[in-house]
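The structure file target-v8.txt is reproduced below (compact mmCIF, C-alpha atoms).
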```
# COMPACT_ATOMS: atom_id res chain seq x y z
CA MET A 1 45.77 27.28 18.12
CA ALA A 2 42.10 28.20 18.33
CA ALA A 3 41.26 24.85 19.89
CA SER A 4 43.96 25.19 22.54
CA ARG A 5 42.70 28.67 23.42
CA LEU A 6 39.16 27.38 23.82
CA LEU A 7 40.37 24.59 26.09
CA ARG A 8 42.02 27.18 28.35
CA MET A 9 38.69 28.99 28.80
CA PRO A 10 36.94 27.70 31.97
CA GLY A 11 33.49 28.61 30.69
CA PHE A 12 33.97 26.61 27.48
CA VAL A 13 35.30 23.63 29.40
CA ARG A 14 32.35 23.70 31.80
CA LEU A 15 29.97 23.87 28.84
CA GLY A 16 31.64 20.84 27.30
CA ILE A 17 31.33 18.93 30.57
CA ARG A 18 27.63 19.79 30.84
CA ILE A 19 27.02 18.63 27.28
CA ASP A 20 29.00 15.43 27.81
CA THR A 21 27.23 14.58 31.08
CA ALA A 22 23.69 15.66 30.18
CA PRO A 23 21.16 12.86 30.90
CA ASN A 24 20.54 10.69 27.86
CA GLY A 25 16.81 11.30 28.22
CA VAL A 26 17.36 15.00 27.55
CA TRP A 27 19.18 14.34 24.27
CA LEU A 28 16.62 11.78 23.11
CA ALA A 29 13.78 14.16 23.98
CA LEU A 30 15.46 16.97 22.04
CA LEU A 31 15.92 14.65 19.08
CA ALA A 32 12.27 13.59 19.19
CA ALA A 33 11.16 17.22 19.35
CA ALA A 34 13.34 18.10 16.35
CA LEU A 35 11.73 15.27 14.37
CA TRP A 36 8.10 16.26 14.95
CA PRO A 37 7.58 17.39 11.30
CA THR A 38 8.76 13.97 10.15
CA ALA A 39 6.45 12.24 12.64
CA TRP A 40 3.51 14.40 11.50
CA TRP A 41 4.06 13.58 7.82
CA MET A 42 4.47 9.86 8.56
CA GLY A 43 1.26 9.82 10.57
CA GLN A 44 -0.66 11.57 7.80
CA ARG A 45 0.68 9.17 5.17
CA MET A 46 -0.31 6.14 7.21
CA LEU A 47 -3.74 7.43 8.20
CA ASP A 48 -4.84 8.58 4.73
CA GLY A 49 -4.37 5.06 3.31
CA SER A 50 -1.61 6.01 0.85
CA ASP A 51 0.76 3.52 2.47
CA GLU A 52 0.68 0.54 4.79
CA PRO A 53 1.48 1.05 8.48
CA LEU A 54 4.17 -1.65 8.63
CA GLY A 55 6.66 1.00 9.69
CA LEU A 56 5.00 1.03 13.10
CA LEU A 57 6.39 -2.48 13.66
CA ALA A 58 9.91 -1.21 13.07
CA LEU A 59 9.36 1.73 15.42
CA ALA A 60 7.98 -0.66 18.04
CA ALA A 61 11.06 -2.88 17.64
CA LEU A 62 13.33 0.13 18.21
CA GLY A 63 11.30 0.97 21.29
CA VAL A 64 11.77 -2.56 22.62
CA VAL A 65 15.53 -2.36 22.05
CA LEU A 66 15.70 0.97 23.90
CA TRP A 67 13.58 -0.33 26.77
CA ARG A 68 15.60 -3.53 27.20
CA CYS A 69 18.85 -1.53 27.23
CA ARG A 70 17.52 1.24 29.49
CA GLY A 71 19.81 0.24 32.36
CA ARG A 72 22.89 0.02 30.14
CA LEU A 73 22.65 3.24 28.13
CA ARG A 74 25.86 5.24 27.87
CA ALA A 75 26.24 7.99 30.43
CA ALA A 76 28.34 9.90 27.86
CA PRO A 77 27.11 9.49 24.26
CA ARG A 78 29.30 8.72 21.31
CA LEU A 79 29.71 12.28 20.10
CA ALA A 80 30.13 11.44 16.40
CA TRP A 81 26.80 9.63 16.29
CA LEU A 82 25.12 12.32 18.38
CA ALA A 83 26.39 15.04 16.06
CA LEU A 84 25.11 13.09 13.04
CA ALA A 85 21.74 12.65 14.73
CA LEU A 86 21.30 16.34 15.53
CA ALA A 87 22.54 17.44 12.11
CA GLY A 88 20.23 14.97 10.39
CA ALA A 89 17.25 16.10 12.44
CA VAL A 90 17.87 19.76 11.66
CA ALA A 91 18.40 19.00 7.96
CA SER A 92 15.24 16.88 7.84
CA SER A 93 13.09 19.65 9.30
CA ALA A 94 14.71 22.38 7.20
CA LEU A 95 14.26 20.44 3.96
CA LEU A 96 10.73 19.19 4.65
CA TRP A 97 9.13 21.74 2.28
CA GLN A 98 12.09 21.94 -0.13
CA VAL A 99 12.43 18.30 -1.19
CA PRO A 100 9.95 15.40 -1.43
CA PRO A 101 8.75 14.54 2.09
CA LEU A 102 9.90 10.95 1.63
CA LEU A 103 13.51 12.15 1.27
CA SER A 104 13.43 14.57 4.21
CA SER A 105 11.75 11.92 6.37
CA LEU A 106 14.44 9.44 5.37
CA LEU A 107 17.02 11.86 6.78
CA GLY A 108 14.95 12.22 9.92
CA LEU A 109 14.64 8.52 10.57
CA LEU A 110 18.32 7.92 9.93
CA ALA A 111 18.93 10.72 12.44
CA LEU A 112 16.74 8.78 14.89
CA GLY A 113 18.85 5.67 14.34
CA ALA A 114 22.06 7.64 14.80
CA GLY A 115 20.70 9.14 18.02
CA LEU A 116 19.94 5.70 19.41
CA ALA A 117 23.37 4.46 18.32
CA ALA A 118 24.94 7.31 20.30
CA PHE A 119 23.50 5.98 23.58
CA LEU A 120 23.08 2.23 23.09
CA PRO A 121 25.79 0.03 24.62
CA SER A 122 28.61 -1.33 22.48
CA ALA A 123 27.06 -4.81 22.57
CA VAL A 124 24.25 -3.55 20.33
CA ALA A 125 25.15 -3.47 16.62
CA THR A 126 24.54 -0.17 14.88
CA ALA A 127 23.70 -1.44 11.37
CA PRO A 128 20.45 -3.26 12.31
CA VAL A 129 19.36 -0.25 14.39
CA LEU A 130 19.81 1.97 11.34
CA GLY A 131 18.04 -0.71 9.30
CA LEU A 132 14.99 -0.60 11.54
CA SER A 133 15.03 3.20 11.38
CA LEU A 134 14.96 3.00 7.59
CA LEU A 135 12.18 0.40 7.66
CA SER A 136 10.11 2.77 9.83
CA LEU A 137 9.67 4.97 6.79
CA PRO A 138 6.29 4.53 5.04
CA LEU A 139 7.88 3.55 1.73
CA LEU A 140 6.04 0.44 0.54
CA ALA A 141 3.84 2.38 -1.88
CA SER A 142 6.90 4.16 -3.33
CA LEU A 143 8.81 0.88 -3.62
CA GLN A 144 5.85 -0.68 -5.38
CA PHE A 145 5.67 2.25 -7.79
CA TYR A 146 9.37 2.39 -8.68
CA ALA A 147 10.55 -1.20 -8.17
CA GLY A 148 7.35 -3.23 -8.38
CA TYR A 149 7.32 -3.78 -12.15
CA PRO A 150 11.00 -4.80 -12.47
CA LEU A 151 10.54 -7.22 -9.59
CA ARG A 152 7.44 -8.67 -11.25
CA VAL A 153 9.36 -9.17 -14.50
CA VAL A 154 12.20 -10.95 -12.69
CA THR A 155 9.72 -13.11 -10.80
CA ALA A 156 7.82 -13.98 -13.97
CA GLU A 157 10.99 -14.95 -15.84
CA ALA A 158 12.27 -17.13 -12.99
CA SER A 159 8.84 -18.76 -12.71
CA ARG A 160 8.85 -19.42 -16.46
CA TRP A 161 12.08 -21.39 -16.11
CA LEU A 162 10.61 -23.51 -13.33
CA LEU A 163 7.26 -24.02 -15.04
CA ALA A 164 8.95 -25.09 -18.27
CA ALA A 165 9.62 -28.50 -16.69
CA ALA A 166 5.90 -29.36 -16.72
CA PHE A 167 4.18 -26.74 -18.91
CA HIS A 168 4.65 -24.83 -22.11
CA ALA A 169 5.37 -21.40 -20.68
CA GLN A 170 6.13 -18.06 -22.32
CA ARG A 171 6.64 -14.66 -20.77
CA SER A 172 5.60 -11.26 -22.05
CA GLY A 173 6.46 -8.42 -19.70
CA ALA A 174 5.07 -9.36 -16.30
CA SER A 175 2.59 -11.86 -17.76
CA LEU A 176 2.92 -15.59 -18.35
CA LEU A 177 1.21 -17.67 -21.02
CA VAL A 178 1.11 -21.18 -19.56
CA ASP A 179 -0.45 -23.91 -21.73
CA GLY A 180 -2.53 -21.27 -23.44
CA GLN A 181 -3.71 -19.64 -20.21
CA LEU A 182 -2.73 -16.04 -19.53
CA VAL A 183 -1.64 -15.39 -15.95
CA ILE A 184 -0.64 -11.88 -14.88
CA VAL A 185 1.97 -11.42 -12.18
CA ASP A 186 0.24 -8.53 -10.43
CA ALA A 187 1.48 -5.99 -7.87
CA PRO A 188 0.98 -8.18 -4.76
CA CYS A 189 3.23 -10.79 -6.39
CA SER A 190 6.13 -8.36 -6.82
CA GLY A 191 7.49 -9.38 -3.42
CA VAL A 192 7.80 -5.85 -2.01
CA GLN A 193 6.02 -6.75 1.23
CA MET A 194 8.03 -9.96 1.57
CA LEU A 195 11.19 -7.92 1.06
CA TRP A 196 10.21 -5.54 3.86
CA LEU A 197 9.32 -8.37 6.23
CA GLY A 198 12.52 -10.23 5.33
CA TYR A 199 14.74 -7.29 6.21
CA PHE A 200 12.67 -6.59 9.32
CA THR A 201 13.22 -10.18 10.45
CA ALA A 202 16.94 -9.88 9.71
CA CYS A 203 17.30 -6.72 11.82
CA VAL A 204 15.27 -8.03 14.76
CA VAL A 205 17.04 -11.41 14.89
CA ALA A 206 20.46 -9.77 14.53
CA LEU A 207 19.74 -7.48 17.49
CA HIS A 208 18.23 -10.23 19.61
CA SER A 209 21.05 -12.71 19.04
CA GLY A 210 23.90 -10.22 19.33
CA GLN A 211 25.05 -10.24 15.72
CA ARG A 212 27.85 -7.77 15.06
CA ASP A 213 27.80 -5.15 12.30
CA ALA A 214 30.22 -7.02 10.03
CA GLY A 215 28.28 -10.27 10.33
CA PHE A 216 24.96 -8.54 9.77
CA LEU A 217 26.13 -6.72 6.63
CA ALA A 218 27.83 -9.86 5.27
CA ARG A 219 24.54 -11.78 5.53
CA LEU A 220 22.31 -9.19 3.87
CA PRO A 221 22.89 -10.56 0.32
CA ALA A 222 21.66 -13.95 1.55
CA VAL A 223 18.53 -12.25 2.91
CA SER A 224 17.83 -10.73 -0.52
CA LEU A 225 18.34 -14.07 -2.25
CA LEU A 226 16.03 -15.86 0.18
CA VAL A 227 13.30 -13.27 -0.39
CA LEU A 228 13.68 -13.53 -4.17
CA ALA A 229 13.62 -17.34 -4.05
CA GLY A 230 10.56 -17.35 -1.80
CA ASN A 231 8.66 -14.94 -4.02
CA VAL A 232 9.50 -16.97 -7.13
CA LEU A 233 8.40 -20.17 -5.39
CA ARG A 234 5.10 -18.62 -4.28
CA ASN A 235 4.40 -17.29 -7.75
CA THR A 236 5.33 -20.58 -9.43
CA LEU A 237 3.06 -22.63 -7.18
CA LEU A 238 0.10 -20.34 -7.74
CA VAL A 239 0.61 -20.15 -11.51
CA ALA A 240 0.98 -23.95 -11.69
CA LEU A 241 -2.32 -24.37 -9.88
CA GLU A 242 -4.01 -21.96 -12.29
CA ALA A 243 -2.52 -23.68 -15.35
CA SER A 244 -3.55 -27.12 -14.08
CA GLY A 245 -7.16 -26.05 -13.97
CA HIS A 246 -7.28 -26.01 -10.16
CA HIS A 247 -8.22 -22.40 -9.68
CA PRO A 248 -7.39 -21.75 -6.01
CA ALA A 249 -9.91 -19.97 -3.85
CA GLY A 250 -8.95 -16.70 -2.24
CA TRP A 251 -8.17 -18.38 1.09
CA ALA A 252 -5.92 -20.92 -0.64
CA HIS A 253 -4.04 -18.14 -2.40
CA GLU A 254 -3.47 -16.38 0.92
CA THR A 255 -2.49 -19.63 2.65
CA VAL A 256 0.21 -20.40 0.09
CA GLY A 257 1.55 -16.87 0.46
CA LEU A 258 1.62 -17.04 4.27
CA VAL A 259 3.29 -20.46 4.34
CA VAL A 260 6.03 -19.36 1.95
CA LEU A 261 6.48 -16.08 3.85
CA ALA A 262 6.83 -17.98 7.13
CA ALA A 263 9.40 -20.31 5.56
CA VAL A 264 11.40 -17.37 4.18
CA CYS A 265 11.39 -15.52 7.51
CA ALA A 266 12.43 -18.70 9.34
CA ALA A 267 15.31 -19.19 6.91
CA ILE A 268 16.39 -15.56 7.35
CA ALA A 269 16.25 -15.95 11.13
CA ARG A 270 18.49 -19.00 10.88
CA VAL A 271 20.97 -17.13 8.69
CA MET A 272 21.10 -14.12 11.01
CA HIS A 273 21.16 -15.97 14.31
CA VAL A 274 24.45 -16.09 16.21
CA PRO A 275 24.81 -19.60 17.69
CA ASN A 276 26.35 -19.95 21.14
CA GLY A 277 27.95 -16.73 22.04
CA GLY A 278 26.05 -13.74 20.76
CA ARG A 279 25.33 -11.04 23.32
CA HIS A 280 21.57 -10.70 23.53
CA VAL A 281 19.99 -7.27 23.64
```

Take the structure I supplied and represent it as structure tokens, if you would.
Amino acid sequence: MAASRLLRMPGFVRLGIRIDTAPNGVWLALLAAALWPTAWWMGQRMLDGSDEPLGLLALAALGVVLWRCRGRLRAAPRLAWLALALAGAVASSALLWQVPPLLSSLLGLLALGAGLAAFLPSAVATAPVLGLSLLSLPLLASLQFYAGYPLRVVTAEASRWLLAAAFHAQRSGASLLVDGQLVIVDAPCSGVQMLWLGYFTACVVALHSGQRDAGFLARLPAVSLLVLAGNVLRNTLLVALEASGHHPAGWAHETVGLVVLAAVCAAIARVMHVPNGGRHV
């Protein structure tokens, strides 16, 4: 009853038409303005050295998607996504001093992704856009703190199984005793950075090749497995070199890591790519 009365009011109808036909740049500008506290906190966190600025790559990727689709943006946004974006932006700003900034900023960046999803054409999958929004968050330090040790333990145990074919290997926590030599699986070997880059690659390739939401989500477990396998392989190779008495120089250590990372990202790109028929962004 109330809805039907509102629809019979000319002023309300005109307001609805203005909202529905407002230029997309106005809505995106309003969303960006609502997210300024999130942007300020992210900038401070990146500049003070407490986290790595990899999130800027994800933001740049979102910018590229928006730029390439600039001529195909929806004249009338998808209202459900727009409502989620505005609600998320307001909640993020309101909660900034009430909850940990990482949590409020997470809401803000998901609001950013929802806002883009409201205007991007239907050919662009929503899930990888939201994925890039999430990856924009400066969260590597937090992931390392909360998930780094469990990942190091898993990596050490998997490496122990592989090393057992050629060495006498035992594991204690995140350390390996290989032929009497103690090798510690330290924080850089947890695979947190490789995990971030793996998911970043998955999102970018999915958007570029025209992967749909269902296909993207169905392939995410394979992305996780490829990252885990790559990290275990990198760790096993480096530990084997140490145990064999060939202590690799710093450049060799970095080279092995970069080669394995490149192989993992290439494999992820192959998994996510849509052959012959995806709609490119």

**Atom pair atom CA of A:Val264 / atom CA of A:Leu233: separation (Å)** =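 Going from atom CA of A:Val264 over to atom CA of A:Leu233, I get 10.4 Å.
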
**d(atom CA of A:Ala174, atom CA of A:Ala222) in Å** =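 It comes out at 24.8 Å.
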
**Message:** Please report the interatomic distance between atom CA of A:Cys203 and atom CA of A:Leu102 in Å with one decimal.
**Reply:**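 Pair atom CA of A:Cys203 / atom CA of A:Leu102 returns 21.7 Å.
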
**Message:** Give me the residues near A:Asn235 as a PyMOL selection string, where near means some atom within 12 Å (using all atoms listed in the file) and where sequence neighbours in that chain fewer than 6 positions away do not count.
**Reply:** chain A and resi 151-160+162-163+174-176+183-191+228-229+241-242+253-254+256-257+260-261

**Prompt:** If we count all atoms listed in the file, what is near stretch 62-68 of chain A at a cut-off of 8 Å, once residues fewer than 5 positions away on the same chain are taken out, given as a PyMOL selection string?
**Reply:** chain A and resi 116+120+129+132-133+281

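Distances from A:Val205, A:Ala169, A:Leu143, A:Ala267 to A:Pro128 were compared using all atoms listed in the file, and the smallest one belongs to A:Val205.
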